[in-house]
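Structure below is model-v6.tsv: TSV, C-alpha atoms.
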chain	number	residue	atom	x	y	z
A	1	MET	CA	-6.26	19.02	-17.97
A	2	SER	CA	-2.85	20.14	-19.19
A	3	ASP	CA	-0.03	17.65	-19.71
A	4	GLU	CA	1.76	19.02	-16.66
A	5	VAL	CA	-1.32	18.75	-14.44
A	6	ARG	CA	-2.02	15.20	-15.68
A	7	GLN	CA	1.53	14.06	-14.99
A	8	THR	CA	1.45	15.57	-11.51
A	9	LEU	CA	-1.86	13.81	-10.82
A	10	LEU	CA	-0.40	10.50	-11.97
A	11	ARG	CA	2.79	10.87	-9.93
A	12	ASP	CA	0.93	11.85	-6.76
A	13	THR	CA	-1.57	9.02	-7.21
A	14	TYR	CA	1.08	6.36	-7.79
A	15	GLU	CA	3.08	7.56	-4.78
A	16	ARG	CA	0.01	7.56	-2.56
A	17	ILE	CA	-1.34	4.17	-3.65
A	18	LEU	CA	1.91	2.21	-3.72
A	19	LYS	CA	2.99	3.55	-0.34
A	20	LYS	CA	-0.41	2.71	1.15
A	21	VAL	CA	-0.69	-0.85	-0.15
A	22	SER	CA	2.90	-1.67	0.86
A	23	GLU	CA	2.37	-0.72	4.52
A	24	GLY	CA	3.04	-3.73	6.75
A	25	SER	CA	3.92	-5.95	3.78
A	26	GLY	CA	7.67	-5.99	4.33
A	27	ARG	CA	8.11	-4.99	0.69
A	28	ASN	CA	9.85	-1.71	-0.03
A	29	VAL	CA	8.45	0.32	-2.91
A	30	ASN	CA	10.81	3.28	-2.48
A	31	ARG	CA	13.22	2.11	-5.18
A	32	VAL	CA	10.34	1.58	-7.60
A	33	LEU	CA	8.92	5.03	-6.89
A	34	LYS	CA	12.36	6.57	-7.34
A	35	TYR	CA	12.66	4.85	-10.73
A	36	LEU	CA	9.24	6.13	-11.78
A	37	ARG	CA	10.26	9.67	-10.90
A	38	GLU	CA	13.66	9.45	-12.63
A	39	SER	CA	12.40	7.81	-15.82
A	40	ASP	CA	9.81	9.14	-18.27
A	41	PHE	CA	7.13	6.90	-16.77
A	42	TYR	CA	4.64	9.71	-16.11
A	43	ALA	CA	5.22	11.42	-19.46
A	44	ILE	CA	5.16	8.75	-22.18
A	45	PRO	CA	2.07	7.89	-24.21
A	46	CYS	CA	1.17	4.42	-25.43
A	47	ARG	CA	-0.50	3.14	-28.58
A	48	HIS	CA	-4.03	3.03	-27.16
A	49	HIS	CA	-3.62	6.10	-24.92
A	50	PRO	CA	-1.74	8.46	-27.26
A	51	PHE	CA	-1.25	11.47	-25.01
A	52	ALA	CA	1.35	12.62	-22.49
A	53	GLY	CA	1.17	10.27	-19.51
A	54	GLY	CA	-0.99	7.79	-21.42
A	55	ASN	CA	1.06	4.74	-20.40
A	56	ALA	CA	0.64	5.43	-16.67
A	57	TRP	CA	-2.97	6.55	-17.21
A	58	HIS	CA	-3.78	3.20	-18.83
A	59	GLN	CA	-2.30	1.26	-15.93
A	60	LEU	CA	-4.22	3.38	-13.42
A	61	GLU	CA	-7.41	2.63	-15.36
A	62	THR	CA	-6.53	-1.06	-15.12
A	63	LEU	CA	-6.51	-0.78	-11.33
A	64	ILE	CA	-9.82	1.09	-11.27
A	65	TYR	CA	-11.50	-1.50	-13.50
A	66	ALA	CA	-10.48	-4.21	-11.03
A	67	PHE	CA	-12.96	-2.69	-8.57
A	68	GLU	CA	-15.91	-2.40	-10.94
A	69	ALA	CA	-18.97	-4.37	-9.88
A	70	ASP	CA	-19.78	-5.65	-13.36
A	71	ILE	CA	-19.05	-4.91	-17.00
A	72	ASP	CA	-20.75	-5.54	-20.35
A	73	GLN	CA	-17.91	-4.69	-22.74
A	74	THR	CA	-17.08	-7.42	-25.26
A	75	CYS	CA	-13.90	-8.18	-27.15
A	76	ASP	CA	-12.76	-10.54	-29.89
A	77	ASP	CA	-10.03	-12.39	-27.99
A	78	PHE	CA	-12.05	-13.99	-25.19
A	79	ASN	CA	-15.42	-13.84	-23.43
A	80	LEU	CA	-14.67	-10.72	-21.43
A	81	PRO	CA	-17.97	-10.28	-19.50
A	82	ASN	CA	-18.17	-13.92	-18.41
A	83	THR	CA	-14.49	-14.07	-17.46
A	84	PHE	CA	-14.86	-10.89	-15.42
A	85	ARG	CA	-17.89	-12.27	-13.54
A	86	LEU	CA	-16.32	-15.69	-13.01
A	87	TRP	CA	-13.07	-14.41	-11.46
A	88	HIS	CA	-14.08	-11.03	-10.02
A	89	THR	CA	-14.89	-12.28	-6.49
A	90	GLN	CA	-11.64	-14.22	-6.30
A	91	TRP	CA	-9.37	-11.35	-7.31
A	92	GLN	CA	-11.23	-9.05	-4.92
A	93	GLU	CA	-10.02	-11.32	-2.10
A	94	LEU	CA	-6.35	-10.91	-3.05
A	95	MET	CA	-3.99	-8.62	-1.17
A	96	PRO	CA	-4.46	-5.03	-2.38
A	97	MET	CA	-0.73	-4.80	-3.00
A	98	SER	CA	-0.80	-7.63	-5.53
A	99	VAL	CA	-3.71	-6.05	-7.40
A	100	ALA	CA	-1.97	-2.65	-7.35
A	101	VAL	CA	1.46	-3.94	-8.42
A	102	ALA	CA	0.08	-5.99	-11.31
A	103	SER	CA	-2.21	-3.19	-12.48
A	104	LEU	CA	0.03	-0.16	-12.06
A	105	LEU	CA	3.35	-1.66	-13.19
A	106	HIS	CA	2.58	-4.23	-15.89
A	107	ASP	CA	3.75	-1.85	-18.63
A	108	ILE	CA	6.70	-0.34	-16.78
A	109	CYS	CA	8.96	-1.71	-19.53
A	110	ASN	CA	7.78	1.03	-21.89
A	111	THR	CA	9.81	3.58	-19.93
A	112	HIS	CA	13.29	4.89	-20.66
A	113	HIS	CA	15.97	5.27	-18.01
A	114	PRO	CA	19.64	6.12	-18.61
A	115	LYS	CA	20.87	3.10	-16.63
A	116	LEU	CA	18.42	0.53	-18.00
A	117	LYS	CA	19.37	-1.82	-20.82
A	118	PHE	CA	17.42	-4.98	-21.60
A	119	PRO	CA	19.21	-8.27	-22.36
A	120	ASP	CA	18.76	-9.44	-25.94
A	121	ARG	CA	17.03	-12.63	-24.80
A	122	ILE	CA	13.94	-10.75	-23.60
A	123	MET	CA	13.74	-7.90	-26.10
A	124	ARG	CA	10.67	-9.38	-27.82
A	125	ARG	CA	8.92	-10.37	-24.58
A	126	HIS	CA	6.88	-7.40	-23.42
A	127	GLY	CA	5.67	-8.81	-20.10
A	128	ARG	CA	9.05	-10.29	-19.22
A	129	LYS	CA	10.67	-6.92	-19.87
A	130	SER	CA	8.43	-5.41	-17.20
A	131	THR	CA	9.34	-8.08	-14.67
A	132	TYR	CA	12.99	-7.56	-15.61
A	133	VAL	CA	12.72	-3.88	-14.63
A	134	LEU	CA	11.06	-4.76	-11.34
A	135	LYS	CA	12.90	-7.92	-10.27
A	136	ASP	CA	16.30	-7.74	-11.93
A	137	PHE	CA	16.97	-4.03	-12.31
A	138	LEU	CA	15.20	-2.66	-9.21
A	139	ARG	CA	15.47	-5.79	-7.02
A	140	PHE	CA	11.81	-5.46	-6.10
A	141	GLU	CA	10.23	-8.63	-4.73
A	142	LEU	CA	7.40	-9.93	-6.89
A	143	MET	CA	5.07	-12.63	-5.63
A	144	PHE	CA	4.78	-15.62	-7.97
A	145	ASP	CA	1.29	-14.72	-9.22
A	146	GLU	CA	2.29	-11.08	-9.74
A	147	ASN	CA	5.26	-12.22	-11.81
A	148	MET	CA	3.19	-14.61	-13.93
A	149	ALA	CA	0.30	-12.20	-14.40
A	150	ILE	CA	2.62	-9.48	-15.68
A	151	ILE	CA	4.65	-11.81	-17.92
A	152	PHE	CA	1.55	-13.27	-19.58
A	153	HIS	CA	-0.86	-10.32	-19.54
A	154	ARG	CA	-0.86	-10.12	-23.35
A	155	GLN	CA	-2.04	-13.72	-23.64
A	156	LYS	CA	-5.77	-13.09	-23.48
A	157	SER	CA	-7.22	-16.39	-24.65
A	158	GLU	CA	-6.82	-19.90	-23.29
A	159	GLU	CA	-5.20	-21.00	-26.56
A	160	SER	CA	-2.78	-18.07	-26.56
A	161	LEU	CA	-1.68	-18.71	-22.98
A	162	ARG	CA	-1.25	-22.42	-23.63
A	163	ASN	CA	0.91	-21.70	-26.67
A	164	GLU	CA	3.17	-19.38	-24.67
A	165	THR	CA	3.76	-21.68	-21.69
A	166	PRO	CA	6.33	-24.48	-21.91
A	167	ASN	CA	4.03	-27.30	-20.78
A	168	GLU	CA	0.48	-28.13	-19.74
A	169	GLU	CA	1.29	-28.10	-16.04
A	170	ASP	CA	2.59	-24.52	-16.18
A	171	PHE	CA	-0.40	-23.48	-18.25
A	172	LYS	CA	-2.84	-24.84	-15.66
A	173	ILE	CA	-1.01	-23.13	-12.79
A	174	ILE	CA	-1.24	-19.73	-14.48
A	175	TRP	CA	-4.77	-20.29	-15.78
A	176	ASP	CA	-5.96	-20.92	-12.22
A	177	MET	CA	-4.55	-17.61	-10.92
A	178	PRO	CA	-7.19	-14.95	-10.16
A	179	LEU	CA	-4.55	-12.24	-10.63
A	180	TYR	CA	-3.84	-13.40	-14.17
A	181	HIS	CA	-7.54	-13.12	-15.02
A	182	MET	CA	-7.78	-9.75	-13.31
A	183	LEU	CA	-5.01	-8.36	-15.50
A	184	GLN	CA	-6.36	-10.17	-18.56
A	185	CYS	CA	-9.77	-8.51	-18.09
A	186	CYS	CA	-8.90	-5.07	-16.75
A	187	ASP	CA	-5.99	-4.39	-19.10
A	188	THR	CA	-8.37	-5.19	-21.97
A	189	LEU	CA	-11.11	-2.96	-20.56
A	190	SER	CA	-8.74	-0.01	-20.35
A	191	ILE	CA	-7.60	-0.56	-23.95
A	192	LEU	CA	-11.16	-0.82	-25.27
A	193	THR	CA	-12.84	1.85	-23.13
A	194	PRO	CA	-10.41	4.54	-21.91
A	195	MET	CA	-11.77	6.83	-19.20
A	196	ALA	CA	-12.26	10.55	-19.54
A	197	GLU	CA	-10.39	12.66	-17.00
A	198	ALA	CA	-13.41	13.47	-14.84
A	199	SER	CA	-14.52	9.83	-14.79
A	200	LEU	CA	-11.09	8.55	-13.79
A	201	VAL	CA	-10.74	11.04	-10.94
A	202	GLU	CA	-14.26	10.28	-9.67
A	203	ARG	CA	-13.84	6.51	-9.80
A	204	LEU	CA	-10.38	6.73	-8.25
A	205	THR	CA	-11.86	8.54	-5.25
A	206	LEU	CA	-14.41	5.77	-4.82
A	207	ILE	CA	-11.89	2.91	-4.75
A	208	GLU	CA	-8.94	4.32	-2.83
A	209	HIS	CA	-10.46	3.51	0.56
A	210	ARG	CA	-10.66	-0.14	-0.51
A	211	LEU	CA	-6.91	-0.43	-1.05
Represent the supplied structure as structure tokens.
Amino acid sequence: MSDEVRQTLLRDTYERILKKVSEGSGRNVNRVLKYLRESDFYAIPCRHHPFAGGNAWHQLETLIYAFEADIDQTCDDFNLPNTFRLWHTQWQELMPMSVAVASLLHDICNTHHPKLKFPDRIMRRHGRKSTYVLKDFLRFELMFDENMAIIFHRQKSEESLRNETPNEEDFKIIWDMPLYHMLQCCDTLSILTPMAEASLVERLTLIEHRL
């Protein structure tokens, strides 16, 4: 798949999925989609997906992993298989839009846009930079669990999340969110086990009717 073909696939897939899941929600994704088209969202790589479009490809993989039946991949940061099995049923019951927004846009901050400039106070906060693009720059409405899941998606372990939240009450609220655990698991799965092109396209076809 050439870089141009991959980027076209990503753009068409994002447009199709985000429009579909937003139907009847009262939440307008048009400004987000316009930003994705105007920025380099579909072209930039990322550290663990170092090819043209890798950043968007990774986030699309994150969505696909959310619909896997089971996994056996392990990681050093937390008990990935057990966490996946424990929370999988609960995140499957969430609104498809929440699963799609958290999966497909959690790394939107990696993009470049001529009108976007991050405040100094959040420059070192990767997840908060993504919610800044969505909430503050694009005025897109994020549900509370979407906001928290994106902000804290790099905090994989219980200890890490507790250290990053201001108090125990806030920690417990986030720790009890299925969407946080979905992003915790599926973001990690994409980083550890990227999908080949044929596999991604095949698995995408299998899940789209569930959105």
Calculated over only C-alpha atoms, which of the candidates A:Leu179, A:Leu33, A:Cys75, A:Ala69 has the smallest distance to Ala102 of chain A?
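Going through A:Leu179, A:Leu33, A:Cys75, A:Ala69 one by one, the smallest distance to Ala102 of chain A is for A:Leu179.
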Using all atoms listed in the file, determine which residues lie at most 10 Å from segment 46-48 of chain A, disregarding the query and same-chain residues fewer than 6 positions distant; provide the list as a ChimeraX atom specification.
/A:54-58,107,110,190-194
Which residues of segment 14-77 of chain A come within 12 Å of segment 151-160 of chain A, and for each one, what is the closest pair of atoms and their distance in Å to one decimal, counting only C-alpha atoms, sorted by chain and residue number, as JSON lines?
{"residue": "A:Thr62", "atom": "CA", "partner": "A:His153", "partner_atom": "CA", "distance": 11.7}
{"residue": "A:Cys75", "atom": "CA", "partner": "A:Lys156", "partner_atom": "CA", "distance": 10.2}
{"residue": "A:Asp76", "atom": "CA", "partner": "A:Ser157", "partner_atom": "CA", "distance": 9.6}
{"residue": "A:Asp77", "atom": "CA", "partner": "A:Ser157", "partner_atom": "CA", "distance": 5.9}
Pick from A:Arg139, A:Glu38, A:Glu68, A:Trp175 nearest to Thr111 of chain A, counting only C-alpha atoms
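Checking each of A:Arg139, A:Glu38, A:Glu68, A:Trp175 against Thr111 of chain A, counting only C-alpha atoms, the winner is A:Glu38.
Relative to atom CA of Gln184 of chain A, atom CA of Gly53 of chain A is found at 21.8 Å.
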When you look at Glu202 of chain A with a cut-off of 12 Å (counting all atoms listed in the file), what residues show up, excluding the ones that are within fewer than 6 positions of it in the same chain? I need them as a list of chain:residue names.
A:Glu61, A:Ile64, A:Met195, A:Ala196, A:Glu208
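Our summary of the geometry notes that atom CA of Leu10 of chain A is positioned 6.6 Å from atom CA of Tyr42 of chain A.
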With 8 Å added on each side, what axis-aligned box encloses every listed atom of segment 201-208 of chain A? Give the centre and edge lengths in Å to one decimal, as JSON.
{"center_x": -11.7, "center_y": 7.0, "center_z": -6.9, "size_x": 21.5, "size_y": 24.1, "size_z": 24.1}
Quick one: everything within 12 Å of Pro114 of chain A, counting only C-alpha atoms, minus sequence neighbours fewer than 6 positions away in the same chain. Send it as a list in words.
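These residues fall inside the cut-off: Tyr35, Glu38, Ser39 and Asp40 of chain A.
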